[in-house]
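target16.txt (compact mmCIF, C-alpha atoms (C1' of nucleotides)) appears below.
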# COMPACT_ATOMS: atom_id res chain seq x y z
CA MET E 28 21.79 -48.28 16.44
CA ASP E 29 20.32 -46.85 13.33
CA ALA E 30 17.08 -46.27 15.20
CA ALA E 31 18.92 -44.38 17.92
CA LEU E 32 20.52 -41.96 15.48
CA LYS E 33 17.26 -41.40 13.64
CA ALA E 34 15.49 -40.77 16.94
CA LEU E 35 18.20 -38.33 17.99
CA ALA E 36 17.89 -36.47 14.71
CA GLU E 37 14.59 -34.99 15.83
CA PRO E 38 14.92 -31.84 17.98
CA ARG E 39 11.71 -32.53 19.89
CA ARG E 40 12.92 -35.94 20.89
CA ARG E 41 16.25 -34.55 22.03
CA GLU E 42 14.37 -32.11 24.22
CA ILE E 43 12.34 -34.94 25.68
CA LEU E 44 15.53 -36.81 26.44
CA ARG E 45 16.91 -33.83 28.30
CA LEU E 46 13.71 -33.63 30.31
CA VAL E 47 13.99 -37.20 31.53
CA TRP E 48 17.74 -37.22 31.73
CA ILE E 49 18.03 -37.16 35.53
CA ASP E 50 14.58 -37.79 36.92
CA GLU E 51 11.82 -39.90 35.49
CA LEU E 52 8.69 -38.09 34.40
CA PRO E 53 5.13 -39.16 33.60
CA ALA E 54 4.05 -38.70 30.00
CA THR E 55 1.64 -35.93 30.86
CA SER E 56 4.29 -33.80 32.55
CA ILE E 57 6.50 -34.21 29.53
CA ALA E 58 3.70 -33.24 27.19
CA GLU E 59 2.81 -30.20 29.29
CA HIS E 60 6.31 -28.90 28.81
CA PHE E 61 5.60 -28.39 25.14
CA GLY E 62 2.97 -25.78 24.57
CA ASP E 63 2.74 -26.01 20.83
CA VAL E 64 2.06 -29.68 20.41
CA THR E 65 -0.49 -32.30 21.37
CA ARG E 66 -0.08 -34.88 24.06
CA SER E 67 -0.60 -37.51 21.41
CA ALA E 68 2.37 -36.30 19.43
CA ILE E 69 4.55 -36.58 22.52
CA SER E 70 3.22 -40.05 23.17
CA GLN E 71 4.28 -41.06 19.70
CA HIS E 72 7.69 -39.49 20.18
CA LEU E 73 8.03 -41.47 23.38
CA GLY E 74 7.18 -44.57 21.40
CA VAL E 75 9.99 -43.87 18.98
CA LEU E 76 12.44 -43.21 21.80
CA LYS E 77 11.40 -46.41 23.51
CA ALA E 78 11.71 -48.42 20.30
CA ALA E 79 15.22 -47.04 19.98
CA ASP E 80 15.93 -48.05 23.59
CA LEU E 81 16.75 -44.48 24.46
CA VAL E 82 14.20 -44.32 27.27
CA SER E 83 12.92 -46.81 29.79
CA GLU E 84 9.31 -47.04 30.84
CA ARG E 85 8.18 -47.82 34.37
CA ARG E 86 4.51 -48.19 35.21
CA ASP E 87 3.08 -46.66 38.34
CA GLY E 88 -0.67 -47.01 38.52
CA THR E 89 -2.17 -45.48 35.43
CA ARG E 90 0.95 -43.47 34.82
CA ARG E 91 4.07 -44.34 32.92
CA LEU E 92 7.31 -42.84 34.10
CA TYR E 93 9.96 -42.36 31.46
CA ARG E 94 13.64 -41.97 31.99
CA ALA E 95 16.59 -41.64 29.65
CA ARG E 96 18.71 -44.75 29.28
CA GLN E 97 22.15 -43.33 29.74
CA ASP E 98 23.75 -46.69 29.19
CA GLU E 99 22.36 -46.86 25.66
CA MET E 100 23.44 -43.30 25.14
CA GLN E 101 26.93 -44.31 26.12
CA LYS E 102 26.82 -47.11 23.57
CA LEU E 103 25.87 -44.64 20.90
CA ARG E 104 28.68 -42.38 21.99
CA THR E 105 31.26 -45.12 21.64
CA PHE E 106 29.77 -46.12 18.32
CA LEU E 107 30.30 -42.61 17.05
CA ASP E 108 33.79 -42.50 18.51
CA ASP E 109 34.63 -45.72 16.71
CA PHE E 110 33.07 -44.28 13.62
CA TRP E 111 35.57 -41.52 13.26
CA THR E 112 38.66 -43.12 14.75
CA SER E 113 38.67 -46.61 13.32
CA GLY E 114 36.73 -48.00 10.39
CA LEU E 115 39.67 -47.73 8.06
CA GLU E 116 39.81 -51.42 7.23
CA ARG E 117 36.89 -51.21 4.88
CA LEU E 118 38.58 -48.30 3.20
CA ARG E 119 41.74 -50.13 2.22
CA ASP E 120 40.36 -51.48 -1.06
CA VAL E 121 38.77 -48.22 -2.03
CA ALA E 122 41.76 -46.22 -0.89
CA GLU E 123 43.98 -48.03 -3.36
CA ALA E 124 41.52 -47.72 -6.21
CA ALA E 125 41.10 -44.10 -5.26
CA GLN E 126 44.79 -43.47 -5.38
CA ARG E 127 44.94 -45.00 -8.82
CA GLU E 128 41.93 -42.97 -9.87
CA ILE E 129 43.24 -39.71 -8.52
CA GLU E 130 46.52 -39.86 -10.33
CA ARG E 131 44.65 -40.57 -13.59
CA PRO E 132 46.94 -43.20 -15.01
CA ASP E 133 44.93 -45.21 -17.55
CA LYS E 134 41.52 -43.62 -18.11
CA GLY E 135 40.55 -46.28 -20.69
CA ALA E 136 39.03 -48.78 -18.29
CA THR E 137 35.37 -48.00 -18.81
CA ASP E 138 32.97 -48.71 -21.63
CA GLY E 139 30.95 -46.08 -23.40
CA ARG E 140 28.52 -45.32 -20.63
CA THR E 141 27.94 -42.06 -18.87
CA ASP E 142 24.45 -42.38 -17.42
CA PRO E 143 21.82 -45.12 -17.10
CA MET B 28 23.92 -28.70 13.87
CA ASP B 29 20.49 -30.10 13.31
CA ALA B 30 21.41 -30.68 9.69
CA ALA B 31 24.50 -32.63 10.69
CA LEU B 32 22.56 -35.03 12.88
CA LYS B 33 19.88 -35.53 10.25
CA ALA B 34 22.56 -36.20 7.65
CA LEU B 35 24.26 -38.67 9.93
CA ALA B 36 20.99 -40.49 10.51
CA GLU B 37 21.16 -41.95 7.03
CA PRO B 38 23.26 -45.12 6.74
CA ARG B 39 24.21 -44.42 3.14
CA ARG B 40 25.59 -41.04 4.05
CA ARG B 41 27.56 -42.47 6.93
CA GLU B 42 29.11 -44.94 4.51
CA ILE B 43 30.00 -42.11 2.18
CA LEU B 44 31.64 -40.29 5.05
CA ARG B 45 33.76 -43.30 5.85
CA LEU B 46 34.81 -43.49 2.22
CA VAL B 47 36.11 -39.95 2.18
CA TRP B 48 37.35 -39.97 5.74
CA ILE B 49 41.06 -40.08 4.99
CA ASP B 50 41.49 -39.43 1.28
CA GLU B 51 39.40 -37.27 -0.97
CA LEU B 52 37.45 -39.06 -3.70
CA PRO B 53 35.72 -37.95 -6.90
CA ALA B 54 31.96 -38.35 -6.95
CA THR B 55 32.07 -41.13 -9.51
CA SER B 56 34.38 -43.30 -7.42
CA ILE B 57 32.08 -42.86 -4.49
CA ALA B 58 29.04 -43.76 -6.55
CA GLU B 59 30.76 -46.82 -7.98
CA HIS B 60 31.24 -48.14 -4.49
CA PHE B 61 27.51 -48.60 -4.18
CA GLY B 62 26.20 -51.16 -6.58
CA ASP B 63 22.54 -50.88 -5.76
CA VAL B 64 22.02 -47.19 -6.28
CA THR B 65 22.29 -44.57 -9.00
CA ARG B 66 25.02 -42.02 -9.32
CA SER B 67 22.36 -39.37 -9.07
CA ALA B 68 21.27 -40.58 -5.68
CA ILE B 69 24.84 -40.37 -4.44
CA SER B 70 25.17 -36.90 -5.86
CA GLN B 71 22.14 -35.83 -3.89
CA HIS B 72 23.52 -37.45 -0.76
CA LEU B 73 26.71 -35.52 -1.30
CA GLY B 74 24.63 -32.38 -1.57
CA VAL B 75 23.06 -33.07 1.81
CA LEU B 76 26.43 -33.78 3.38
CA LYS B 77 27.84 -30.61 1.93
CA ALA B 78 24.87 -28.55 3.12
CA ALA B 79 25.51 -29.95 6.58
CA ASP B 80 29.19 -29.01 6.28
CA LEU B 81 30.19 -32.60 6.81
CA VAL B 82 32.18 -32.77 3.59
CA SER B 83 34.32 -30.30 1.68
CA GLU B 84 34.33 -30.06 -2.08
CA ARG B 85 37.41 -29.31 -4.14
CA ARG B 86 37.22 -28.91 -7.90
CA ASP B 87 39.81 -30.45 -10.14
CA GLY B 88 38.95 -30.09 -13.79
CA THR B 89 35.57 -31.62 -14.39
CA ARG B 90 35.84 -33.64 -11.22
CA ARG B 91 34.85 -32.76 -7.70
CA LEU B 92 36.87 -34.27 -4.92
CA TYR B 93 35.04 -34.75 -1.65
CA ARG B 94 36.54 -35.18 1.75
CA ALA B 95 35.10 -35.51 5.23
CA ARG B 96 35.37 -32.41 7.37
CA GLN B 97 36.74 -33.87 10.54
CA ASP B 98 36.70 -30.52 12.26
CA GLU B 99 32.93 -30.29 11.90
CA MET B 100 32.64 -33.84 13.07
CA GLN B 101 34.57 -32.88 16.15
CA LYS B 102 32.12 -30.05 16.77
CA LEU B 103 29.26 -32.47 16.57
CA ARG B 104 31.06 -34.75 18.95
CA THR B 105 31.46 -32.03 21.55
CA PHE B 106 27.86 -31.00 21.04
CA LEU B 107 26.73 -34.51 21.87
CA ASP B 108 29.07 -34.65 24.83
CA ASP B 109 27.63 -31.43 26.15
CA PHE B 110 24.20 -32.82 25.48
CA TRP B 111 24.50 -35.58 28.00
CA THR B 112 26.78 -34.02 30.57
CA SER B 113 25.46 -30.51 30.98
CA GLY B 114 22.11 -29.07 29.99
CA LEU B 115 20.64 -29.45 33.44
CA GLU B 116 19.84 -25.79 33.91
CA ARG B 117 16.75 -25.98 31.76
CA LEU B 118 15.65 -28.94 33.81
CA ARG B 119 15.55 -27.18 37.16
CA ASP B 120 12.04 -25.82 36.76
CA VAL B 121 10.67 -29.05 35.42
CA ALA B 122 12.58 -31.10 37.91
CA GLU B 123 10.85 -29.33 40.78
CA ALA B 124 7.43 -29.61 39.21
CA ALA B 125 8.20 -33.20 38.46
CA GLN B 126 9.15 -33.91 42.03
CA ARG B 127 5.89 -32.41 43.16
CA GLU B 128 4.03 -34.37 40.54
CA ILE B 129 5.71 -37.63 41.30
CA GLU B 130 4.91 -37.62 45.00
CA ARG B 131 1.27 -36.94 44.15
CA PRO B 132 0.57 -34.27 46.75
CA ASP B 133 -2.52 -32.32 45.66
CA LYS B 134 -3.99 -33.88 42.51
CA GLY B 135 -6.75 -31.28 42.30
CA ALA B 136 -4.86 -28.69 40.32
CA THR B 137 -6.33 -29.35 36.90
CA ASP B 138 -9.66 -28.54 35.36
CA GLY B 139 -11.92 -31.09 33.80
CA ARG B 140 -9.95 -31.73 30.68
CA THR B 141 -8.41 -34.94 29.57
CA ASP B 142 -7.94 -34.49 25.82
CA PRO B 143 -8.34 -31.73 23.25
C1' DC T 3 34.35 -27.97 -33.78
C1' DG T 4 32.09 -32.48 -32.08
C1' DC T 5 32.52 -36.13 -28.57
C1' DT T 6 33.29 -37.88 -24.19
C1' DT T 7 33.73 -37.46 -19.15
C1' DA T 8 32.13 -35.97 -14.74
C1' DC T 9 28.95 -33.97 -12.50
C1' DG T 10 24.62 -31.36 -10.90
C1' DT T 11 19.61 -30.86 -11.20
C1' DA T 12 14.62 -30.80 -12.40
C1' DA T 13 10.47 -33.87 -12.35
C1' DG T 14 8.11 -37.49 -10.56
C1' DC T 15 7.09 -41.23 -7.45
C1' DA T 16 6.72 -44.17 -3.40
C1' DT T 17 7.39 -44.19 1.18
C1' DG T 18 8.42 -42.17 5.73
C1' DT T 19 7.35 -38.71 9.28
C1' DG T 20 5.36 -35.45 12.48
C1' DC T 21 1.17 -33.81 13.62
C1' DT T 22 -4.02 -33.53 14.83
C1' DT T 23 -8.44 -35.37 15.98
C1' DA T 24 -10.90 -39.05 17.73
C1' DC T 25 -11.41 -43.11 20.16
C1' DA T 26 -10.11 -47.13 23.31
C1' DA T 27 -8.09 -49.23 27.42
C1' DT T 28 -6.62 -49.49 32.17
C1' DA T 29 -6.16 -47.94 36.96
C1' DA T 30 -7.76 -45.33 40.93
C1' DC T 31 -11.61 -43.01 43.45
C1' DG T 32 -16.23 -42.07 45.08
C1' DC W 29 -20.79 -49.57 39.74
C1' DG W 30 -19.89 -44.86 37.18
C1' DT W 31 -16.52 -41.25 36.68
C1' DT W 32 -12.14 -39.25 36.22
C1' DA W 33 -7.22 -39.49 35.20
C1' DT W 34 -3.48 -41.18 32.39
C1' DT W 35 -2.06 -43.04 28.57
C1' DG W 36 -1.79 -45.56 23.97
C1' DT W 37 -3.49 -45.93 19.25
C1' DA W 38 -5.98 -45.87 14.72
C1' DA W 39 -7.04 -42.75 10.75
C1' DG W 40 -5.85 -39.15 8.06
C1' DC W 41 -3.18 -35.31 6.27
C1' DA W 42 0.63 -32.26 4.78
C1' DC W 43 5.12 -32.46 3.95
C1' DA W 44 9.85 -34.33 3.84
C1' DT W 45 12.92 -37.86 1.87
C1' DG W 46 15.36 -41.27 -0.89
C1' DC W 47 15.24 -42.91 -5.26
C1' DT W 48 15.00 -43.20 -10.60
C1' DT W 49 14.92 -41.33 -15.17
C1' DA W 50 16.04 -37.66 -18.04
C1' DC W 51 18.26 -33.66 -19.11
C1' DG W 52 21.70 -29.69 -18.74
C1' DT W 53 26.42 -27.96 -18.17
C1' DA W 54 31.42 -27.23 -17.74
C1' DA W 55 36.07 -29.23 -18.79
C1' DG W 56 39.19 -31.94 -21.50
C1' DC W 57 40.43 -34.53 -26.01
C1' DG W 58 40.46 -35.75 -30.99
Translate the structure of the given file into structure tokens.
Amino acid sequence: MDAALKALAEPRRREILRLVWIDELPATSIAEHFGDVTRSAISQHLGVLKAADLVSERRDGTRRLYRARQDEMQKLRTFLDDFWTSGLERLRDVAEAAQREIERPDKGATDGRTDP
Amino acid sequence: MDAALKALAEPRRREILRLVWIDELPATSIAEHFGDVTRSAISQHLGVLKAADLVSERRDGTRRLYRARQDEMQKLRTFLDDFWTSGLERLRDVAEAAQREIERPDKGATDGRTDP
DNA sequence: CGCTTACGTAAGCATGTGCTTACAATAACG
DNA sequence: CGTTATTGTAAGCACATGCTTACGTAAGCG
């Protein structure tokens, strides 16, 4: 999941994903779409996307057809949805400590340390 | 928008976001939640999150209270939704070329170049 | 005023990343 | 078989990134 987000953080890879969103495309066609970059760079980007399970690879002769894995995309979508709807359980402990901290009740709970 | 995705790609920053999702927290409280990292590192993470507009900063005395900006998160959510529902217009040209490419009609359209 | 608290920030370092150039491997074609 | 097409991959480089240590600064307290 981490890999998917990291992969998505790169604009070039997002563009690649859009290219292979509906139809599969051979690596060369994808690379040709970018005029300012080498085919090798695209190949490496495809490697990252594949490692993140964001694209599938189908071999046809010497060519490799890539296509976006919309199912994995959906997983990521739900992960993000969960991220900012739930996930409050882990906060309970900190929320209480935070409340205590924010109201500044004691202030004498630490030793004489400010920085490492 | 790019900045937001890059910021979200870091697990530590996601954790920070969850911490300040509901209640605002001072930087120190946030840093204390992570035992294996320096307060300075967290401060820098907060800087990234703030630059990406994913957190808001409110000053209270010497402290700075951080809170997740759920509105910006929502923007990012819709951006992602648009990403994989629309965005097909840019594909039209490539889709046609791809179709032609995929069915392997001519094959003699390139010059004698394989690599740079 | 000094001292502490809470925080940012500069400097440096190790590692990650996106890119290019060059080469290697496999499949089709004659 | 040799050649061409299609692709991956190793090596290297410039630059970003996450981290630590050290220092600087503004606000409160005695």
Closest pair table for chain E residues within 7 Å of chain T, only C-alpha atoms (C1' of nucleotides), as JSON lines:
{"residue": "E:Ala68", "atom": "CA", "partner": "T:DC21", "partner_atom": "C1'", "distance": 6.4}
{"residue": "E:Gly88", "atom": "CA", "partner": "T:DA29", "partner_atom": "C1'", "distance": 5.8}
{"residue": "E:Thr89", "atom": "CA", "partner": "T:DA29", "partner_atom": "C1'", "distance": 4.9}
Mind writing the picked residues with C-alpha atoms as a PDB file, in the coordinates of the input?
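Result went into again-v1.pdb, see below:
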ATOM      1  CA  ALA E  68       2.370 -36.300  19.430  1.00  0.00           C
ATOM      2  CA  GLY E  88      -0.670 -47.010  38.520  1.00  0.00           C
ATOM      3  CA  THR E  89      -2.170 -45.480  35.430  1.00  0.00           C
TER       4      THR E  89
END
Show me, as a list in words, the residues of chain E whose atoms get within 10 Å of chain W, using only C-alpha atoms (C1' of nucleotides) for the distance check.
Pro53, Ala54, Thr55, Arg66, Ser67, Ser70, Gln71, Gly74, Gly88, Thr89, Arg90, Arg91, Asp142 and Pro143 of chain E
Can you tell me how far atom CA of E:Ile43 sits from atom CA of B:Thr105, in Å to one decimal?
19.8 Å
Per residue of chain B within 6 Å of chain E, note the shortest atom pair and the distance in Å to one decimal, counting all atoms listed in the file, and order the rows by chain and increasing residue number, as JSON lines.
{"residue": "B:Leu32", "atom": "CA", "partner": "E:Ala36", "partner_atom": "CA", "distance": 5.2}
{"residue": "B:Lys33", "atom": "CA", "partner": "E:Ala36", "partner_atom": "CA", "distance": 5.0}
{"residue": "B:Ala36", "atom": "CA", "partner": "E:Lys33", "partner_atom": "CA", "distance": 5.0}
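Between atom CA of B:Phe106 and atom CA of B:Tyr93 lies a distance of 24.1 Å.
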Give me, please, the distance in Å between atom CA of B:Ser83 and atom CA of B:Glu59, quoted to one decimal.
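Distance between the two atoms: 19.5 Å.
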Show which residues sit within 6 Å of E:Val82, as a ChimeraX atom specification. Count all atoms listed in the file, and ignore same-chain residues fewer than 3 positions away.
/E:76-77,94-96
